[in-house]
Every structure is written in C-alpha cells, then in structure tokens.
Amino acid sequence: MCAISGIIGLEVSPGVAEQMLKTMARRGPDQERWVQLEGAVFLHSRLAVIDLEGGKQPMELTWGGKKYCIVYNGELYNTDQLRRELEREGHRFEGHSDTEVVLHAYAQYGADCVLKFNGIFAFGVWESGSRELFLARDRIGVKPLFYSLYQGGLLFASEMKTILSYPGFPARISSTGAAQLIMLGPGRLPGSGVFEDIMELEPGCMASYRDGKLSVTRYWKLLDREHRDSFQQTVEQVRFLVEDAVCRQMISDVPIGCFLSGGLDSSIITAICAREMRKQGQKLKTFSVDYQNNDRYFQANKFQPDADSAYIREMVRAEHTEHSDTVLTAEDLVNALEQATFARDLPGMADVDFSLLAFCGEIRKSVKVALSGECADEIFGGYPWYRDPEVRARVGFPWAQNTWQRAQLLPERLGTQGEELVMDAYQQTCQESDILPGTTPMERRMKEMVNLNFRWFMQTLLDRKDRMSMYHGLEVRVPFCDYRIAEYLYGVPWEYKDYQGREKGLLRCAVEGLLPESVLYRKKSPYPKTFDPRYGQLIQERMQTLLSQDAPIWHLVRKEAVENMICKDSPWPWYGQLMRRPQTMAYFLQLDVWLRKYKVELCF
C-alpha cells in the first residue's frame, strides 16, 4: 500500500514536491520518489509488500508508441491471472508486482481495464502524448482518492492533507461542509471531501482529465438480480466466495497477521488463514485489543452483550495462533485524539478511531499486512438496525436517528439547511437502490437498507480503517469487501440472510465446522470500546476547558446546545452503536482540534 499524488497543469518546484511528499510519508515509509512528466508531476510514497525491488513507482511504460506513467495504491488479487492474459497479448514483464500488471492492463485495454481487476485500488495514469490523466478507484471504496480542480489545473492524492499542502490551497468549508460535520458526521456526502473545492472520486468510479475538463463515469454499482439458487446452493456459494476471498488476500512477500476480536467475522478470517499457513508449516500471528479495567467495569447492553476475551482465547486455542494482546488505558485513548484527527483529516469516530490508531501501531511492530473482518455486517445484514422493525420503519439513516437533536447545534444563519441535507441525501440513496420490479415491500426495504449501509455507514468504517492503519504504515485488507461477495449477496433474499432468525444466519450456516460452536453462534458484538469511567472523566475535563474558552468550534456550533446535549445520554447514539455521550463529547473535541490544526476558514 502507498500514498499517491499528482499535479496537472500547475507549477511545481522541487521544494513544493518535497513538501507534498512529507504529507505522504506515513502511508509509504519504505520509498519515496517524484517525477516530472510532460505536463504533469507524479509523486509516490511506498509501503513495499509485493516485489520489494521491482515494484518501485512512479512506474513508466512505452507500449504501442505511447508513453504511460502510473502511481498506484492498492493490491490486485488476480494479478497472476491477468498477467498471463496480457502475456498472450504480447506484453513482457520485468518484475512480479501488481503495479506493473495494472499499468500494462491500462495500456492494453484503456479504461476497461478496471472491469478486469479484483482488488482494492486507487491509481492515476498519465499518457504523455495526449496529455490525458486517467483516475480510478476500486468498486467498494477500500482505497481513498481525492481530487481538486484548482486554478485551471488538477490535484489528486490519497489524502486531503496532501492537496491542502499545495501552496496557496485554502482550507475552507462552506455552509454545506458545516452541515455535513454536524448533521452527518463522522459520515459525509458521497463524493465530498467536506473541505470546499476538494472532492472524492466515489467507489466504483473512474475519471479522465484533458484540456482542463474532467469527466467522471461510474463503472460499477450494486445491481439486483433474480436469485435462483436454493438455500443449500446459496450456502455453498457463500462458503466458496468467502474462502476464496480470504485465500486470495493472503498474497504477500512480507509476513501477514489477522485482527481477532472473537467475533464471527474476524474468527472466520483467522480460521481460514491459520489453516492455509499450517499447510506451509507456518503459524499465523493474531492481534486483539482490550482496555484497562474493562474486566471491572464492562456492562452488557443490547449493542454489546458480552466481552470478547473468552472467545478470543477459544479461537487462539483452536487455531494455535501466535497471539498478541494490546491493552489500552484511558490516557492512551485521550492522548491519541489529535493524532487520529490528523490521520483522518476530519473529526472521526472518537475513541473508536483512537483505539484503532494505537492498536495498529502495536500490530505494525510485528507485521506489515493484516486481514480484518470489516464490512460483513453491511453485506450480510448483521447490524441491529437491519433487524429492529421500529428502526427499519423510520425515515432517515438508521445508524443516526438523531437528526432533530443535531439540528439544534447548527448556528441560526444556517436555518433548516441541515435537516434538508440529511433527508435529501437519505431519500436520494433509497431511490437510487437498484430493485427488481415486483419485489415485495419487505424485500424492497431490506435492499434499501443494504444500499444505505453500503453507500454511507460502510464508507465511514473504511475511512477509519484505512487512515488509522496507514498512519502507521500498516496495510489492512478486508476480504468481505470482495466485490463478488457484495454482488452475490445483494440479490439473496432476506429470509436466507436472516436464517433461523439470527443476525448473519446465512454466513453462520455457510461456515459451520470451521469455528468452535460458541464462537459460531455468539451474538453479534461490535468493535470493543472502553467501559472505564476514567475515560469519560478525562473527556469531560477537556470538554469543560473547551466550554470555558472562546474556541473556533463555537463559531460552528451553538455552545449552549452542546452543553445541553452532553448533560445526559441521548436515547439514540450519536453515530452507529458505540458513540454515546463520552464519544459525542470527544467528537466535538476533535472538531475543535481540526479547526485549529487545519486553520479552517468558515465561508458562510
């Protein structure tokens, strides 16, 4: 994995290039390089995982009388298959990196190359003769790609901090950006970078830029299809797809490991990886995170019914993994607040981000690549809001049923813009959901729920995963984001997914015999959080200090409304399952840190 950037049609001195490369160094600590092309500058910082010597970038190619240059961030999981196909077309390769295969594929197939890729990627290709830039992002959106049309040229990068480091580029937010931070945060509108004039190339999209004009095309989305497989056939296909995705994503020239929470999703990946590594006489490394004093203060609730530790130990015993525990203190979490904000370039999921940032730093001491269980809940229908009839029937994003409360935080000069933004975005996403004619009302709603989660909630989690891990130069792969799994499951009827009335009942049935029974039928539990009251006290102290100041945040939100909100727990979490009162306070602390750190100008 890497950091990429490009500057088209704008002045770039060596000093500017080096300045931008500095913002990319944490994502790519192994190698860095920039090249001056005909009409463009490409920059790359590399985390070397495949073909350590032959995969250096920016990479250039002359083919068919044309000159190409690529900067690429990602992993291609069908590299060998595609390389053989290209060799039959006359291509010859100097190394075995996926970067080289992607570049040759673009030279051979043009924009259609993306249809041949199974992987996670964001890349740019410059063709010197036509002076045309091609940008593309993977179907699911695992790898980030931001861009800006600026002063007659174009900037693109893996992270917004790189674009913001270009001389003179303003860090501004409009009324729409402000409304996103308060009404949708830590989520954001698809395609928006929140900062004014910074956009994100959406998942499943590609773009071309030439002569000052940008054209964006969507090449993939979830499409409904008639499901003709029986339940047993569906079970067998799910088992095949999951095992194949995990095995494909184990490819690496450096050691790999697995996140292990003791939950269903990470345990499935751990079991498959451990089995494959045993065949090679190797032992899998696994990693878990917990919090000091959780053994004393853990409180079961409907979102987190039991603690993880017993299930982790059972998986370690069953798979004989080389296991490491990271135990974080309340101080560890609070001290990571600023770092996590900078890593994400925006306020995030509070201690859910802070803990992952610290955890990834510990994992990176042992491995460069780890596999994680994100996104199974969105695709297989595991979240509580999929199965709660009350929430399912409500209008609005199911993970943030607090639109009215959030609206009270907005300055009066924004009027009702915030509530309108949320409802318009929600309704548009529902309307865009691809659903076959004649679908029952129940099945229609469940497909809307999948698309809402896929386009919104899952993107927030993928942002979190990518930024917190890459901040430490750790590549985290997500096998459940294999687009073949998403395509197949979208058409599977809800009664199959909800087999025996269990969350992710279909997935549990598909992996029977792979996991210990207690883990296989464990009730869903989210990413672990701290229950230590010390964390809440530390956050409360920082919030009280902030409330006593004339701080930047009070130009963005109403201070008295924040005071009212943090005095008591809301009936609904701020976002998702884990952001209750302490996490909501931490979100506002992050918001203030972000406004200060990035010197954000409010343009409304």
# chains A, B, ... in the order shown; residues from 1 in each chain; ligands from 1
>>> select_by_dssp(residues="stretch 59-191 of chain A", states="strand (DSSP E)", output="ChimeraX atom specification")
/A:59-63,66-76,119-127,132-137,146-150,153-157,172-173
>>> select_by_dssp(residues="stretch 256-424 of chain A", states="helix (DSSP H, G or I)", output="ChimeraX atom specification")
/A:264-279,294-297,309-319,330-335,337-344,351-363,376-380,384-387,389-393,403-407,412-414,417-424
>>> residues_around(residues="stretch 165-173 of chain A", least_positions_apart="3", cutoff="6 Å", atoms="only C-alpha atoms", output="PDB file with N, CA, C and O atoms, in the first residue's frame")
ATOM      1  N   MET A  20       4.999  18.213  -0.424  1.00  0.00           N
ATOM      2  CA  MET A  20       3.839  17.336  -0.564  1.00  0.00           C
ATOM      3  C   MET A  20       4.190  15.899  -0.191  1.00  0.00           C
ATOM      4  O   MET A  20       3.398  15.191   0.436  1.00  0.00           O
ATOM      5  N   THR A 162      -2.489  16.158   1.616  1.00  0.00           N
ATOM      6  CA  THR A 162      -1.521  16.366   0.537  1.00  0.00           C
ATOM      7  C   THR A 162      -1.994  17.477  -0.401  1.00  0.00           C
ATOM      8  O   THR A 162      -1.210  18.346  -0.802  1.00  0.00           O
ATOM      9  N   GLY A 177     -20.503  22.134   3.877  1.00  0.00           N
ATOM     10  CA  GLY A 177     -19.487  21.416   4.645  1.00  0.00           C
ATOM     11  C   GLY A 177     -19.779  21.450   6.130  1.00  0.00           C
ATOM     12  O   GLY A 177     -19.639  20.437   6.830  1.00  0.00           O
ATOM     13  N   PHE A 195     -14.100  19.753   2.878  1.00  0.00           N
ATOM     14  CA  PHE A 195     -13.425  20.993   2.514  1.00  0.00           C
ATOM     15  C   PHE A 195     -13.971  21.496   1.177  1.00  0.00           C
ATOM     16  O   PHE A 195     -14.219  20.710   0.256  1.00  0.00           O
ATOM     17  N   GLU A 196     -14.127  22.803   1.073  1.00  0.00           N
ATOM     18  CA  GLU A 196     -14.575  23.386  -0.180  1.00  0.00           C
ATOM     19  C   GLU A 196     -13.529  23.131  -1.273  1.00  0.00           C
ATOM     20  O   GLU A 196     -12.326  23.249  -1.035  1.00  0.00           O
ATOM     21  N   VAL A 600      -9.000  26.210   9.545  1.00  0.00           N
ATOM     22  CA  VAL A 600     -10.158  26.171   8.647  1.00  0.00           C
ATOM     23  C   VAL A 600     -10.886  27.513   8.653  1.00  0.00           C
ATOM     24  O   VAL A 600     -11.198  28.064   9.721  1.00  0.00           O
ATOM     25  N   GLU A 601     -11.162  28.005   7.463  1.00  0.00           N
ATOM     26  CA  GLU A 601     -11.926  29.237   7.290  1.00  0.00           C
ATOM     27  C   GLU A 601     -13.388  28.888   7.047  1.00  0.00           C
ATOM     28  O   GLU A 601     -13.701  28.064   6.168  1.00  0.00           O
ATOM     29  N   LEU A 602     -14.296  29.479   7.826  1.00  0.00           N
ATOM     30  CA  LEU A 602     -15.734  29.237   7.669  1.00  0.00           C
ATOM     31  C   LEU A 602     -16.284  30.251   6.670  1.00  0.00           C
ATOM     32  O   LEU A 602     -16.261  31.456   6.929  1.00  0.00           O
ATOM     33  N   CYS A 603     -16.781  29.764   5.555  1.00  0.00           N
ATOM     34  CA  CYS A 603     -17.259  30.641   4.474  1.00  0.00           C
ATOM     35  C   CYS A 603     -18.781  30.590   4.379  1.00  0.00           C
ATOM     36  O   CYS A 603     -19.351  30.106   3.389  1.00  0.00           O
TER      37      CYS A 603
END
>>> atom_distance(atom1="atom CA of A:Phe342", atom2="atom CA of A:Cys481")
25.7 Å
>>> atom_distance(atom1="atom CA of A:Pro552", atom2="atom CA of A:Gln537")
23.0 Å
>>> closest_residue(among="A:Lys213, A:Arg387, A:Lys116, A:Arg502", to="A:Met442", atoms="only C-alpha atoms")
A:Arg387
>>> decode(residues="stretch 95-247 of chain A", atoms="C-alpha atoms", output="CSV table (one decimal), in the first residue's frame")
chain,number,residue,atom,x,y,z
A,95,GLY,CA,9.0,-8.0,-12.2
A,96,HIS,CA,6.1,-9.5,-10.4
A,97,SER,CA,4.4,-6.5,-8.9
A,98,ASP,CA,0.7,-5.8,-9.4
A,99,THR,CA,1.6,-2.2,-10.2
A,100,GLU,CA,3.3,-3.4,-13.4
A,101,VAL,CA,0.2,-5.5,-14.3
A,102,VAL,CA,-2.2,-2.6,-13.7
A,103,LEU,CA,-0.1,-0.3,-16.0
A,104,HIS,CA,0.1,-2.9,-18.8
A,105,ALA,CA,-3.6,-3.6,-18.5
A,106,TYR,CA,-4.3,0.1,-18.9
A,107,ALA,CA,-2.0,0.3,-22.0
A,108,GLN,CA,-3.8,-2.7,-23.5
A,109,TYR,CA,-7.5,-2.1,-22.5
A,110,GLY,CA,-7.7,1.5,-21.7
A,111,ALA,CA,-10.5,2.5,-19.2
A,112,ASP,CA,-12.0,-1.0,-19.5
A,113,CYS,CA,-9.1,-2.4,-17.5
A,114,VAL,CA,-10.9,-1.7,-14.3
A,115,LEU,CA,-13.5,-4.3,-15.2
A,116,LYS,CA,-10.8,-6.9,-15.1
A,117,PHE,CA,-9.5,-6.1,-11.6
A,118,ASN,CA,-10.3,-8.0,-8.5
A,119,GLY,CA,-8.7,-5.9,-5.7
A,120,ILE,CA,-8.6,-2.7,-3.8
A,121,PHE,CA,-7.0,0.2,-5.6
A,122,ALA,CA,-6.8,3.9,-6.4
A,123,PHE,CA,-4.5,5.0,-9.2
A,124,GLY,CA,-3.6,7.6,-11.8
A,125,VAL,CA,-2.1,7.1,-15.3
A,126,TRP,CA,-0.7,9.9,-17.4
A,127,GLU,CA,-0.4,9.5,-21.1
A,128,SER,CA,2.2,12.0,-22.3
A,129,GLY,CA,1.3,12.2,-26.0
A,130,SER,CA,-2.4,13.1,-25.4
A,131,ARG,CA,-1.7,14.8,-22.1
A,132,GLU,CA,-4.6,12.9,-20.6
A,133,LEU,CA,-5.0,11.7,-17.0
A,134,PHE,CA,-7.0,8.6,-16.1
A,135,LEU,CA,-8.1,8.1,-12.5
A,136,ALA,CA,-9.8,5.0,-11.0
A,137,ARG,CA,-11.0,3.7,-7.6
A,138,ASP,CA,-12.0,0.2,-6.6
A,139,ARG,CA,-15.6,-0.9,-6.7
A,140,ILE,CA,-16.1,-0.9,-2.9
A,141,GLY,CA,-14.1,2.1,-2.0
A,142,VAL,CA,-11.4,0.5,0.2
A,143,LYS,CA,-8.7,2.8,-1.0
A,144,PRO,CA,-9.1,6.5,-1.0
A,145,LEU,CA,-8.7,9.1,-3.8
A,146,PHE,CA,-9.4,12.8,-3.5
A,147,TYR,CA,-9.0,15.5,-6.2
A,148,SER,CA,-9.5,19.2,-6.8
A,149,LEU,CA,-10.0,21.3,-9.9
A,150,TYR,CA,-7.8,24.3,-8.9
A,151,GLN,CA,-6.7,27.4,-10.7
A,152,GLY,CA,-7.1,25.8,-14.2
A,153,GLY,CA,-5.3,22.6,-13.2
A,154,LEU,CA,-6.0,19.4,-11.2
A,155,LEU,CA,-4.6,18.0,-8.0
A,156,PHE,CA,-5.2,14.4,-6.8
A,157,ALA,CA,-4.0,12.5,-3.8
A,158,SER,CA,-4.6,9.6,-1.4
A,159,GLU,CA,-5.3,12.0,1.4
A,160,MET,CA,-6.7,15.5,1.6
A,161,LYS,CA,-3.7,16.8,3.7
A,162,THR,CA,-1.5,16.4,0.5
A,163,ILE,CA,-3.8,18.5,-1.6
A,164,LEU,CA,-4.0,21.1,1.2
A,165,SER,CA,-0.2,21.3,1.3
A,166,TYR,CA,-0.1,22.7,-2.2
A,167,PRO,CA,1.0,26.4,-1.9
A,168,GLY,CA,-2.0,28.7,-1.6
A,169,PHE,CA,-4.6,26.0,-1.4
A,170,PRO,CA,-7.3,27.2,1.0
A,171,ALA,CA,-8.7,25.2,3.9
A,172,ARG,CA,-12.3,26.4,3.8
A,173,ILE,CA,-15.7,24.9,4.4
A,174,SER,CA,-19.0,26.2,3.1
A,175,SER,CA,-22.4,26.0,4.7
A,176,THR,CA,-22.8,22.6,3.1
A,177,GLY,CA,-19.5,21.4,4.6
A,178,ALA,CA,-20.5,22.7,8.0
A,179,ALA,CA,-23.9,21.0,7.8
A,180,GLN,CA,-22.2,17.7,6.9
A,181,LEU,CA,-19.9,17.9,10.0
A,182,ILE,CA,-22.8,18.4,12.4
A,183,MET,CA,-25.7,16.6,10.7
A,184,LEU,CA,-23.9,13.6,9.1
A,185,GLY,CA,-20.5,13.5,10.9
A,186,PRO,CA,-18.4,11.4,11.1
A,187,GLY,CA,-20.1,10.4,7.8
A,188,ARG,CA,-20.1,12.7,4.8
A,189,LEU,CA,-21.8,13.0,1.5
A,190,PRO,CA,-20.6,10.6,-1.2
A,191,GLY,CA,-18.0,12.3,-3.3
A,192,SER,CA,-17.5,15.1,-0.8
A,193,GLY,CA,-14.2,15.9,1.0
A,194,VAL,CA,-16.1,18.4,3.3
A,195,PHE,CA,-13.4,21.0,2.5
A,196,GLU,CA,-14.6,23.4,-0.2
A,197,ASP,CA,-13.2,22.5,-3.6
A,198,ILE,CA,-12.0,19.0,-2.6
A,199,MET,CA,-13.9,16.1,-3.9
A,200,GLU,CA,-13.6,12.4,-3.5
A,201,LEU,CA,-13.7,10.0,-6.5
A,202,GLU,CA,-16.6,7.8,-5.4
A,203,PRO,CA,-16.2,4.0,-5.2
A,204,GLY,CA,-16.7,2.2,-8.5
A,205,CYS,CA,-15.9,5.4,-10.4
A,206,MET,CA,-13.2,6.4,-12.9
A,207,ALA,CA,-12.4,9.8,-14.4
A,208,SER,CA,-10.5,11.3,-17.3
A,209,TYR,CA,-9.0,14.8,-17.4
A,210,ARG,CA,-7.8,16.5,-20.5
A,211,ASP,CA,-7.6,20.2,-21.6
A,212,GLY,CA,-8.9,21.4,-18.3
A,213,LYS,CA,-12.1,19.2,-18.4
A,214,LEU,CA,-12.9,16.4,-16.0
A,215,SER,CA,-15.3,13.6,-16.9
A,216,VAL,CA,-16.4,11.1,-14.2
A,217,THR,CA,-18.0,7.8,-15.0
A,218,ARG,CA,-19.5,5.2,-12.7
A,219,TYR,CA,-18.4,1.7,-13.9
A,220,TRP,CA,-19.9,-0.4,-11.0
A,221,LYS,CA,-22.8,-0.4,-8.6
A,222,LEU,CA,-24.9,-2.9,-6.7
A,223,LEU,CA,-27.4,-4.3,-9.2
A,224,ASP,CA,-30.4,-6.5,-8.2
A,225,ARG,CA,-30.8,-9.8,-10.0
A,226,GLU,CA,-33.2,-12.7,-9.7
A,227,HIS,CA,-31.8,-15.2,-7.1
A,228,ARG,CA,-32.4,-18.7,-8.4
A,229,ASP,CA,-30.1,-20.7,-6.1
A,230,SER,CA,-31.7,-22.9,-3.4
A,231,PHE,CA,-30.8,-22.2,0.2
A,232,GLN,CA,-28.3,-25.0,0.2
A,233,GLN,CA,-26.8,-23.8,-3.1
A,234,THR,CA,-26.6,-20.3,-1.6
A,235,VAL,CA,-24.8,-21.6,1.5
A,236,GLU,CA,-22.2,-23.5,-0.7
A,237,GLN,CA,-21.6,-20.4,-2.9
A,238,VAL,CA,-21.2,-18.1,0.2
A,239,ARG,CA,-18.6,-20.6,1.6
A,240,PHE,CA,-16.7,-20.7,-1.6
A,241,LEU,CA,-16.7,-16.9,-2.1
A,242,VAL,CA,-15.6,-16.2,1.5
A,243,GLU,CA,-12.8,-18.8,1.5
A,244,ASP,CA,-11.6,-17.7,-2.0
A,245,ALA,CA,-11.6,-14.1,-1.0
A,246,VAL,CA,-9.5,-14.7,2.2
A,247,CYS,CA,-7.1,-17.0,0.4
